[in-house]
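Okay, structure first, notes after.
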Amino acid sequence: MANYDFDIGVIGGGAAGLTITSGAAQLGAKTLLVEKEKKLGGDCLHFGCVPSKTLIKTANVYHMMKNAKQFGLPPVELPPVDFKQVSKRIKSVIDIIQKHDSEERFCSLGARVEFGEPKFSDEHTIHLNGKSYSAKNWVIATGSSPGTPPINGLDNTPFITNKEIFYLDHLPRSMIVLGGGPIGIEMAQAFCRLGTKVFVVNRGNQILGKEDRDMADEVMQIMRSEGVVFHLDASIEATKDLGSEKEVLITDNQGETVSLRAETILVALGRAANTGGMGLADIGLEIDQRGIKVDRRLRTNHKHIYAAGDVNGGFQFTHAAGYEGGIVVSNAIFHLPRKTDYTFLPWCTYTAPELASIGMNEKAAQAAGIDYTVWSEHFKDNDRSLAEGDKTGKIKMILDEKEKPIGVQILGPHAGDLMGEWVAVLNGKVKLSTLASAVHPYPTIAEINKRVAGTFFSPKIFSDKIKKGLKFFFNLKGRACNPET
């Protein structure tokens with residue numbers, strides 16, 4: 001049996017890598033963690049989830065202050081936003097979380113942490129900072145980076161991505177967002193609320209293309225009412241640096257050429273797996289255009305090498321990376337053949353209101369050829385939502401032909417948090433009747449989950465057949481009030 005330096009080596013200190021390192025080390029495996037950046041935490045902590053949600057909260061507070069009159073308060077004249085202070089707050093939140101994702105913490109768990117750019121010299125060994133390290137198992141969890149699309153002139157036009165947007169030294173007067181996915185849409189609304197004139201250019205004919213159109217369109221209409229300008233079904237022809245402004249030439253959905261000008265261009269047109277520089281081709285690791293190819297146990301074509309998180313081309317969510325980290329630990333440390341199952345993996349776009357999903361939406365059900373029904377409840381009928389001034393949005397529950405839930409979408413206040421109940425219901429195979437009969441505190445927004453389940457049962461419970469049966473057996477007398485004719 002070969003003698004290796006470590007039981008498991010992990011390349012990448014983001015969500016997946018840290019989950020695996022923590023679990024493996026605490027289970028007694030001799031663990032090596034390698035991170036190319038100077039700090040642990042990955043894209044989520046420094047350029048993604050944490051800074052974006054911190055920025056979004058700041059933008060929402062500023063938006064509410066500007067709209068104080070809607071809550072019966074005196075109108076407020078607000079000074080312009082000092083983005084340096086916004087960025088300072090973002091950095092302070094990151095610094096607090098960074099303590100949890102520190103080298104010292106992982107060392108205390110028993111893992112060794114090294115910084116630098118590793119390269120495989122063979123299937124079990126990497127070369128790092130002039131030294132070689134071998135491991136019985138390896139995990140590649142190097143994440144992804146913003147994609148740079150082949151747009152004419154872009155290589156000569158200054159632009160920003162999620163790597164730079166949270167650390168700007170001032171609030172841009174205007175911004176062109178290239179891309180209508182979650183990152184582009186979240187940032188478009190946040191910067192618009194802070195005072196930036198925002199244009200969104202999207203190649204598709206709807207924003208948030210994976211979502212049902214009715215839900216995505218409602219998000220877009222809200223953003224339009226706040227001042228965001230959308231150019232959908234548009235092709236990006238070229239960009240140009242005009243000095244104080246940048247130009248983006250597009251062909252709109254009418255075939256007309258339109259020139260957009262703004263101080264800043266945000267490129268949010270997808271992401272690319274970080275697979276370069278590690279010598280993966282030298283050891284024959286299979287990679288396609290999405291990322292490193294893996295099976296359902298997250299093994300590559302070399303069964304002792306795993307790939308987890310964005311780098312394997314799957315779901316690009318922090319919580320998905322964490323889930324996959326657990327799958328790797330089960331397989332590599334416990335040697336239990338655990339496979340991934342994304343049937344009820346939730347996700348959320350943190351616009352205002354939020355748009356959260358789990359399982360199949362209508363678009364996915366139609367693509368799969370499933371006969372389904374939709375049951376809805378609107379937030380305008382939820383007492384707590386009305387009290388808080390949130391009248392927009394709805395919940396959609398998708399049932400298959402056997403009347404079992406296959407997915408839920410929520411567009412409304414705290415949708416991501418409301419989805420937690422459905423995570424438990426769907427993954428735990430809880431009956432809809434159990435949810436419908438559960439007692440929720442009043443008044444809470446979460447009552448909408450109970451109500452949509454109740455909406456499904458109401459026609460069955462209050463049917464004419466049931467009423468006739470009760471009248472026959474218990475001599476019920478029927479209506480006490482008849483409407484005037």
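We name chains A, B, ... following the order of the structure tokens; residues begin at 1 in each chain, and ligands are numbered from 1 as shown.
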- Task: Please provide as JSON, numbers by chain all residues within 9 Å of segment 36-52 of chain A, with the sequence filter that same-chain residues fewer than 5 positions apart are discarded (counting only C-alpha atoms).
- Result: {"A": [11, 12, 13, 14, 15, 17, 18, 57, 87, 90, 91, 93, 94, 97, 98, 101, 102, 103, 114, 115, 116, 117, 118, 142, 143, 144, 145, 162, 163, 164, 165, 166, 183, 186, 187, 317, 318]}
Excluding Pro413 of chain A and residues on its chain fewer than 5 positions from it, collect all residues at most 9 Å away from it, counting only C-alpha atoms, and give them as a CSV table (one decimal) with C-alpha atoms, in the first residue's frame.
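Everything below was put into part_15.csv:
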```csv
chain,number,residue,atom,x,y,z
A,352,ALA,CA,-37.0,43.2,-3.7
A,353,PRO,CA,-39.3,41.3,-3.5
A,354,GLU,CA,-37.2,38.1,-3.4
A,355,LEU,CA,-37.9,35.3,-5.9
A,379,PHE,CA,-49.3,38.4,-0.8
A,385,SER,CA,-47.7,41.5,4.3
A,390,ASP,CA,-45.6,44.5,0.8
A,391,LYS,CA,-48.5,43.9,-1.6
A,392,THR,CA,-46.6,42.4,-4.5
A,393,GLY,CA,-46.1,38.8,-5.4
A,418,LEU,CA,-40.3,31.3,3.6
A,445,ILE,CA,-46.0,36.2,6.3
```
For Gly227 of chain A: contacts at 12 Å, only C-alpha atoms, fewer than 5 positions along chain excluded, given as a PDB file with N, CA and C atoms, in the first residue's frame:
```pdb
ATOM      1  N   SER A 174     -24.037  56.388 -13.681  1.00  0.00           N
ATOM      2  CA  SER A 174     -24.828  55.534 -14.557  1.00  0.00           C
ATOM      3  C   SER A 174     -24.093  54.230 -14.767  1.00  0.00           C
ATOM      4  N   ALA A 188     -28.406  45.497 -10.466  1.00  0.00           N
ATOM      5  CA  ALA A 188     -29.126  46.566 -11.154  1.00  0.00           C
ATOM      6  C   ALA A 188     -30.102  47.253 -10.212  1.00  0.00           C
ATOM      7  N   GLN A 189     -30.877  46.473  -9.465  1.00  0.00           N
ATOM      8  CA  GLN A 189     -31.842  47.078  -8.557  1.00  0.00           C
ATOM      9  C   GLN A 189     -31.154  47.795  -7.406  1.00  0.00           C
ATOM     10  N   ALA A 190     -30.128  47.180  -6.843  1.00  0.00           N
ATOM     11  CA  ALA A 190     -29.446  47.783  -5.695  1.00  0.00           C
ATOM     12  C   ALA A 190     -28.836  49.136  -6.072  1.00  0.00           C
ATOM     13  N   PHE A 191     -28.114  49.194  -7.192  1.00  0.00           N
ATOM     14  CA  PHE A 191     -27.480  50.449  -7.575  1.00  0.00           C
ATOM     15  C   PHE A 191     -28.500  51.492  -8.010  1.00  0.00           C
ATOM     16  N   CYS A 192     -29.587  51.060  -8.632  1.00  0.00           N
ATOM     17  CA  CYS A 192     -30.661  51.996  -8.962  1.00  0.00           C
ATOM     18  C   CYS A 192     -31.233  52.622  -7.699  1.00  0.00           C
ATOM     19  N   ARG A 193     -31.460  51.814  -6.683  1.00  0.00           N
ATOM     20  CA  ARG A 193     -32.004  52.326  -5.423  1.00  0.00           C
ATOM     21  C   ARG A 193     -31.040  53.274  -4.726  1.00  0.00           C
ATOM     22  N   LEU A 194     -29.751  53.081  -4.942  1.00  0.00           N
ATOM     23  CA  LEU A 194     -28.762  53.961  -4.330  1.00  0.00           C
ATOM     24  C   LEU A 194     -28.602  55.276  -5.092  1.00  0.00           C
ATOM     25  N   GLY A 195     -29.132  55.324  -6.334  1.00  0.00           N
ATOM     26  CA  GLY A 195     -29.078  56.571  -7.081  1.00  0.00           C
ATOM     27  C   GLY A 195     -28.411  56.513  -8.429  1.00  0.00           C
ATOM     28  N   THR A 196     -27.982  55.342  -8.878  1.00  0.00           N
ATOM     29  CA  THR A 196     -27.349  55.181 -10.182  1.00  0.00           C
ATOM     30  C   THR A 196     -28.411  54.992 -11.266  1.00  0.00           C
ATOM     31  N   LYS A 197     -28.222  55.620 -12.407  1.00  0.00           N
ATOM     32  CA  LYS A 197     -29.095  55.367 -13.557  1.00  0.00           C
ATOM     33  C   LYS A 197     -28.645  54.060 -14.184  1.00  0.00           C
ATOM     34  N   VAL A 198     -29.549  53.075 -14.246  1.00  0.00           N
ATOM     35  CA  VAL A 198     -29.163  51.723 -14.639  1.00  0.00           C
ATOM     36  C   VAL A 198     -29.896  51.277 -15.904  1.00  0.00           C
ATOM     37  N   PHE A 199     -29.116  50.706 -16.834  1.00  0.00           N
ATOM     38  CA  PHE A 199     -29.646  50.060 -18.031  1.00  0.00           C
ATOM     39  C   PHE A 199     -29.276  48.583 -17.966  1.00  0.00           C
ATOM     40  N   VAL A 200     -30.229  47.708 -18.270  1.00  0.00           N
ATOM     41  CA  VAL A 200     -29.967  46.268 -18.322  1.00  0.00           C
ATOM     42  C   VAL A 200     -30.137  45.794 -19.751  1.00  0.00           C
ATOM     43  N   MET A 220     -39.360  42.375 -13.043  1.00  0.00           N
ATOM     44  CA  MET A 220     -38.934  43.397 -13.993  1.00  0.00           C
ATOM     45  C   MET A 220     -39.827  44.637 -13.911  1.00  0.00           C
ATOM     46  N   GLN A 221     -41.130  44.437 -13.786  1.00  0.00           N
ATOM     47  CA  GLN A 221     -42.040  45.583 -13.716  1.00  0.00           C
ATOM     48  C   GLN A 221     -41.774  46.425 -12.470  1.00  0.00           C
ATOM     49  N   ILE A 222     -41.462  45.763 -11.366  1.00  0.00           N
ATOM     50  CA  ILE A 222     -41.131  46.500 -10.141  1.00  0.00           C
ATOM     51  C   ILE A 222     -39.870  47.318 -10.347  1.00  0.00           C
TER      52      ILE A 222
END
```
- Message: If I take atom CA of Glu256 of chain A and atom CA of Gln206 of chain A, how far is one from the other in Å, to one decimal?
- Response: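 These two atoms are separated by 18.8 Å.
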- Task: List the neighbours of Ile126 of chain A out to 10 Å using only C-alpha atoms; skip same-chain residues closer than 2 positions along the sequence, and give me the result as a PyMOL selection string.
- Result: chain A and resi 9+11+117-124+128+131-135+138+278-279
- DSSP strand (DSSP E) selection over segment 93-254 of chain A, as a ChimeraX atom specification: /A:112-115,119-122,125-128,131-140,144-146,174-178,197-201,229-231,235-241,246-251
Output the selection as a compact mmCIF listing (two decimals), in the first residue's frame - N, CA and C atoms for each residue.
```txt
# COMPACT_ATOMS: atom_id res chain seq x y z
N ARG A 112 -4.04 21.19 7.92
CA ARG A 112 -2.91 22.03 7.55
C ARG A 112 -3.34 22.92 6.39
N VAL A 113 -3.04 24.21 6.46
CA VAL A 113 -3.43 25.17 5.42
C VAL A 113 -2.17 25.73 4.76
N GLU A 114 -2.14 25.67 3.44
CA GLU A 114 -1.04 26.24 2.67
C GLU A 114 -1.62 27.17 1.60
N PHE A 115 -0.89 28.25 1.33
CA PHE A 115 -1.32 29.20 0.32
C PHE A 115 -0.37 29.17 -0.87
N LYS A 119 0.10 22.58 -8.58
CA LYS A 119 0.06 21.93 -9.89
C LYS A 119 0.32 20.44 -9.69
N PHE A 120 -0.55 19.61 -10.29
CA PHE A 120 -0.39 18.16 -10.17
C PHE A 120 0.85 17.71 -10.94
N SER A 121 1.67 16.94 -10.27
CA SER A 121 2.80 16.31 -10.94
C SER A 121 2.49 14.85 -11.27
N ASP A 122 1.57 14.26 -10.53
CA ASP A 122 0.99 12.97 -10.90
C ASP A 122 -0.38 12.90 -10.25
N THR A 125 -0.08 13.61 -6.43
CA THR A 125 0.90 14.56 -5.90
C THR A 125 0.77 15.93 -6.56
N ILE A 126 0.89 16.97 -5.73
CA ILE A 126 0.94 18.33 -6.25
C ILE A 126 2.29 18.94 -5.92
N HIS A 127 2.67 19.91 -6.73
CA HIS A 127 3.88 20.69 -6.49
C HIS A 127 3.41 22.08 -6.07
N LEU A 128 3.89 22.57 -4.91
CA LEU A 128 3.43 23.84 -4.35
C LEU A 128 4.57 24.55 -3.65
N LYS A 131 7.71 22.65 -3.01
CA LYS A 131 7.61 21.39 -2.28
C LYS A 131 6.57 20.49 -2.94
N SER A 132 6.64 19.21 -2.62
CA SER A 132 5.66 18.24 -3.12
C SER A 132 4.83 17.71 -1.97
N TYR A 133 3.53 17.54 -2.23
CA TYR A 133 2.60 17.01 -1.22
C TYR A 133 1.76 15.92 -1.90
N SER A 134 1.70 14.77 -1.26
CA SER A 134 0.90 13.68 -1.82
C SER A 134 -0.29 13.40 -0.91
N ALA A 135 -1.37 12.89 -1.50
CA ALA A 135 -2.56 12.55 -0.74
C ALA A 135 -3.24 11.35 -1.37
N LYS A 136 -3.87 10.55 -0.55
CA LYS A 136 -4.59 9.38 -1.03
C LYS A 136 -5.77 9.81 -1.89
N ASN A 137 -6.47 10.85 -1.43
CA ASN A 137 -7.61 11.40 -2.17
C ASN A 137 -7.39 12.90 -2.35
N TRP A 138 -7.87 13.41 -3.49
CA TRP A 138 -7.81 14.85 -3.74
C TRP A 138 -9.20 15.36 -4.07
N VAL A 139 -9.45 16.60 -3.68
CA VAL A 139 -10.69 17.28 -4.04
C VAL A 139 -10.34 18.60 -4.71
N ILE A 140 -10.88 18.83 -5.89
CA ILE A 140 -10.70 20.11 -6.57
C ILE A 140 -11.97 20.93 -6.35
N SER A 144 -15.44 29.20 -9.55
CA SER A 144 -15.58 29.77 -10.89
C SER A 144 -15.25 31.25 -10.85
N SER A 145 -15.10 31.84 -12.02
CA SER A 145 -14.81 33.27 -12.16
C SER A 145 -15.76 33.89 -13.18
N PRO A 146 -15.92 35.21 -13.14
CA PRO A 146 -16.80 35.86 -14.14
C PRO A 146 -16.33 35.58 -15.55
N SER A 174 -24.04 56.39 -13.68
CA SER A 174 -24.83 55.53 -14.56
C SER A 174 -24.09 54.23 -14.77
N MET A 175 -24.86 53.19 -15.10
CA MET A 175 -24.28 51.85 -15.24
C MET A 175 -25.07 51.06 -16.28
N ILE A 176 -24.35 50.38 -17.18
CA ILE A 176 -24.96 49.45 -18.11
C ILE A 176 -24.64 48.04 -17.61
N VAL A 177 -25.66 47.28 -17.32
CA VAL A 177 -25.49 45.90 -16.85
C VAL A 177 -25.70 44.96 -18.02
N LEU A 178 -24.67 44.23 -18.37
CA LEU A 178 -24.77 43.25 -19.44
C LEU A 178 -25.11 41.89 -18.83
N LYS A 197 -28.22 55.62 -12.41
CA LYS A 197 -29.10 55.37 -13.56
C LYS A 197 -28.65 54.06 -14.18
N VAL A 198 -29.55 53.08 -14.25
CA VAL A 198 -29.16 51.72 -14.64
C VAL A 198 -29.90 51.28 -15.90
N PHE A 199 -29.12 50.71 -16.83
CA PHE A 199 -29.65 50.06 -18.03
C PHE A 199 -29.28 48.58 -17.97
N VAL A 200 -30.23 47.71 -18.27
CA VAL A 200 -29.97 46.27 -18.32
C VAL A 200 -30.14 45.79 -19.75
N VAL A 201 -29.11 45.13 -20.27
CA VAL A 201 -29.16 44.56 -21.62
C VAL A 201 -29.16 43.03 -21.48
N VAL A 229 -33.97 50.72 -16.72
CA VAL A 229 -34.36 50.63 -18.12
C VAL A 229 -33.88 49.29 -18.69
N PHE A 230 -34.79 48.54 -19.30
CA PHE A 230 -34.47 47.21 -19.82
C PHE A 230 -34.45 47.20 -21.34
N HIS A 231 -33.46 46.49 -21.88
CA HIS A 231 -33.39 46.20 -23.32
C HIS A 231 -33.32 44.69 -23.45
N SER A 235 -29.04 42.04 -28.93
CA SER A 235 -27.70 41.52 -29.17
C SER A 235 -26.69 42.63 -28.96
N ILE A 236 -25.59 42.30 -28.29
CA ILE A 236 -24.55 43.27 -28.00
C ILE A 236 -23.56 43.26 -29.15
N GLU A 237 -23.45 44.39 -29.84
CA GLU A 237 -22.61 44.46 -31.04
C GLU A 237 -21.19 44.86 -30.73
N ALA A 238 -21.01 45.87 -29.86
CA ALA A 238 -19.66 46.37 -29.60
C ALA A 238 -19.67 47.28 -28.39
N THR A 239 -18.49 47.48 -27.82
CA THR A 239 -18.31 48.46 -26.75
C THR A 239 -17.15 49.38 -27.12
N LYS A 240 -17.16 50.57 -26.51
CA LYS A 240 -16.10 51.54 -26.80
C LYS A 240 -15.84 52.39 -25.56
N ASP A 241 -14.57 52.71 -25.35
CA ASP A 241 -14.18 53.58 -24.25
C ASP A 241 -14.19 55.02 -24.74
N LYS A 246 -18.61 55.07 -21.15
CA LYS A 246 -18.40 53.88 -21.96
C LYS A 246 -19.64 53.71 -22.83
N GLU A 247 -19.44 53.26 -24.05
CA GLU A 247 -20.55 53.07 -24.98
C GLU A 247 -20.77 51.59 -25.24
N VAL A 248 -22.03 51.18 -25.27
CA VAL A 248 -22.41 49.84 -25.67
C VAL A 248 -23.39 49.96 -26.83
N LEU A 249 -23.02 49.39 -27.97
CA LEU A 249 -23.91 49.37 -29.13
C LEU A 249 -24.68 48.06 -29.14
N ILE A 250 -26.00 48.16 -29.23
CA ILE A 250 -26.84 46.96 -29.25
C ILE A 250 -27.79 47.02 -30.44
N THR A 251 -28.25 45.86 -30.84
CA THR A 251 -29.36 45.77 -31.79
C THR A 251 -30.58 45.34 -30.99
```
- Of the candidates A:Gly184, A:Pro80, A:Gly420, A:Pro75, which shows the shortest atom-to-atom distance to Ile160 of chain A, using only C-alpha atoms?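 For Ile160 of chain A, the nearest of the candidates is A:Gly184.
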- Apply DSSP to the backbone of this structure and, from segment 181-404 of chain A, keep only the residues in alpha helix (DSSP H); write these as a PyMOL selection string. chain A and resi 182-194+213-226+318-332+362-367+383-387
- Task: Write out as a PyMOL selection string which residues come within 12 Å of Gly28 of chain A when counting only C-alpha atoms, dropping same-chain ones fewer than 4 positions away.
- Result: chain A and resi 6-8+21-24+109-111+329+333-334
- Residue among A:Glu35, A:Asp341, A:Glu447, A:Asp214 lying closest to Asp381 of chain A, counting only C-alpha atoms: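 Of A:Glu35, A:Asp341, A:Glu447, A:Asp214, the one nearest Asp381 of chain A is A:Glu447, counting only C-alpha atoms.
Atom CA of Arg338 of chain A is found 25.7 Å from atom CA of Ala368 of chain A.
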- For atom CA of Arg213 of chain A and atom CA of Met360 of chain A, quote the distance in Å rounded to one decimal.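 Answer for the atom CA of Arg213 of chain A to atom CA of Met360 of chain A separation: 13.8 Å.
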- Excluding Met419 of chain A and any residue of its chain fewer than 6 positions from it, enumerate the residues within 10 Å of it, using only C-alpha atoms, and give them as a VMD selection string. chain A and resid 346 to 348 355 to 358 408 to 410 425 446 449
Taking N, CA and C atoms for each residue, export the selection above as a PDB file, in the first residue's frame.
```pdb
ATOM      1  N   PRO A 346     -33.122  24.203  -3.219  1.00  0.00           N
ATOM      2  CA  PRO A 346     -33.729  25.532  -3.354  1.00  0.00           C
ATOM      3  C   PRO A 346     -32.733  26.572  -3.849  1.00  0.00           C
ATOM      4  N   TRP A 347     -33.252  27.669  -4.350  1.00  0.00           N
ATOM      5  CA  TRP A 347     -32.407  28.827  -4.675  1.00  0.00           C
ATOM      6  C   TRP A 347     -33.237  30.097  -4.558  1.00  0.00           C
ATOM      7  N   CYS A 348     -32.549  31.216  -4.487  1.00  0.00           N
ATOM      8  CA  CYS A 348     -33.254  32.480  -4.293  1.00  0.00           C
ATOM      9  C   CYS A 348     -32.491  33.609  -4.969  1.00  0.00           C
ATOM     10  N   LEU A 355     -37.258  36.328  -5.055  1.00  0.00           N
ATOM     11  CA  LEU A 355     -37.857  35.267  -5.863  1.00  0.00           C
ATOM     12  C   LEU A 355     -37.136  33.962  -5.553  1.00  0.00           C
ATOM     13  N   ALA A 356     -37.836  33.049  -4.880  1.00  0.00           N
ATOM     14  CA  ALA A 356     -37.246  31.790  -4.439  1.00  0.00           C
ATOM     15  C   ALA A 356     -37.946  30.618  -5.113  1.00  0.00           C
ATOM     16  N   SER A 357     -37.195  29.556  -5.340  1.00  0.00           N
ATOM     17  CA  SER A 357     -37.734  28.381  -6.018  1.00  0.00           C
ATOM     18  C   SER A 357     -37.187  27.102  -5.396  1.00  0.00           C
ATOM     19  N   ILE A 358     -37.967  26.046  -5.514  1.00  0.00           N
ATOM     20  CA  ILE A 358     -37.509  24.710  -5.150  1.00  0.00           C
ATOM     21  C   ILE A 358     -38.237  23.719  -6.044  1.00  0.00           C
ATOM     22  N   VAL A 408     -42.241  24.551  -5.806  1.00  0.00           N
ATOM     23  CA  VAL A 408     -42.860  25.757  -5.250  1.00  0.00           C
ATOM     24  C   VAL A 408     -42.023  26.961  -5.655  1.00  0.00           C
ATOM     25  N   GLN A 409     -42.696  28.035  -6.052  1.00  0.00           N
ATOM     26  CA  GLN A 409     -42.023  29.297  -6.319  1.00  0.00           C
ATOM     27  C   GLN A 409     -42.686  30.385  -5.479  1.00  0.00           C
ATOM     28  N   ILE A 410     -41.866  31.236  -4.913  1.00  0.00           N
ATOM     29  CA  ILE A 410     -42.377  32.322  -4.078  1.00  0.00           C
ATOM     30  C   ILE A 410     -41.758  33.627  -4.547  1.00  0.00           C
ATOM     31  N   VAL A 425     -40.714  20.323   4.037  1.00  0.00           N
ATOM     32  CA  VAL A 425     -41.895  19.591   3.572  1.00  0.00           C
ATOM     33  C   VAL A 425     -41.543  18.666   2.411  1.00  0.00           C
ATOM     34  N   ALA A 446     -45.410  33.855   6.905  1.00  0.00           N
ATOM     35  CA  ALA A 446     -45.322  32.408   6.681  1.00  0.00           C
ATOM     36  C   ALA A 446     -46.687  31.737   6.589  1.00  0.00           C
ATOM     37  N   ASN A 449     -47.760  29.927   3.315  1.00  0.00           N
ATOM     38  CA  ASN A 449     -47.448  28.525   3.019  1.00  0.00           C
ATOM     39  C   ASN A 449     -48.609  27.617   3.404  1.00  0.00           C
TER      40      ASN A 449
END
```
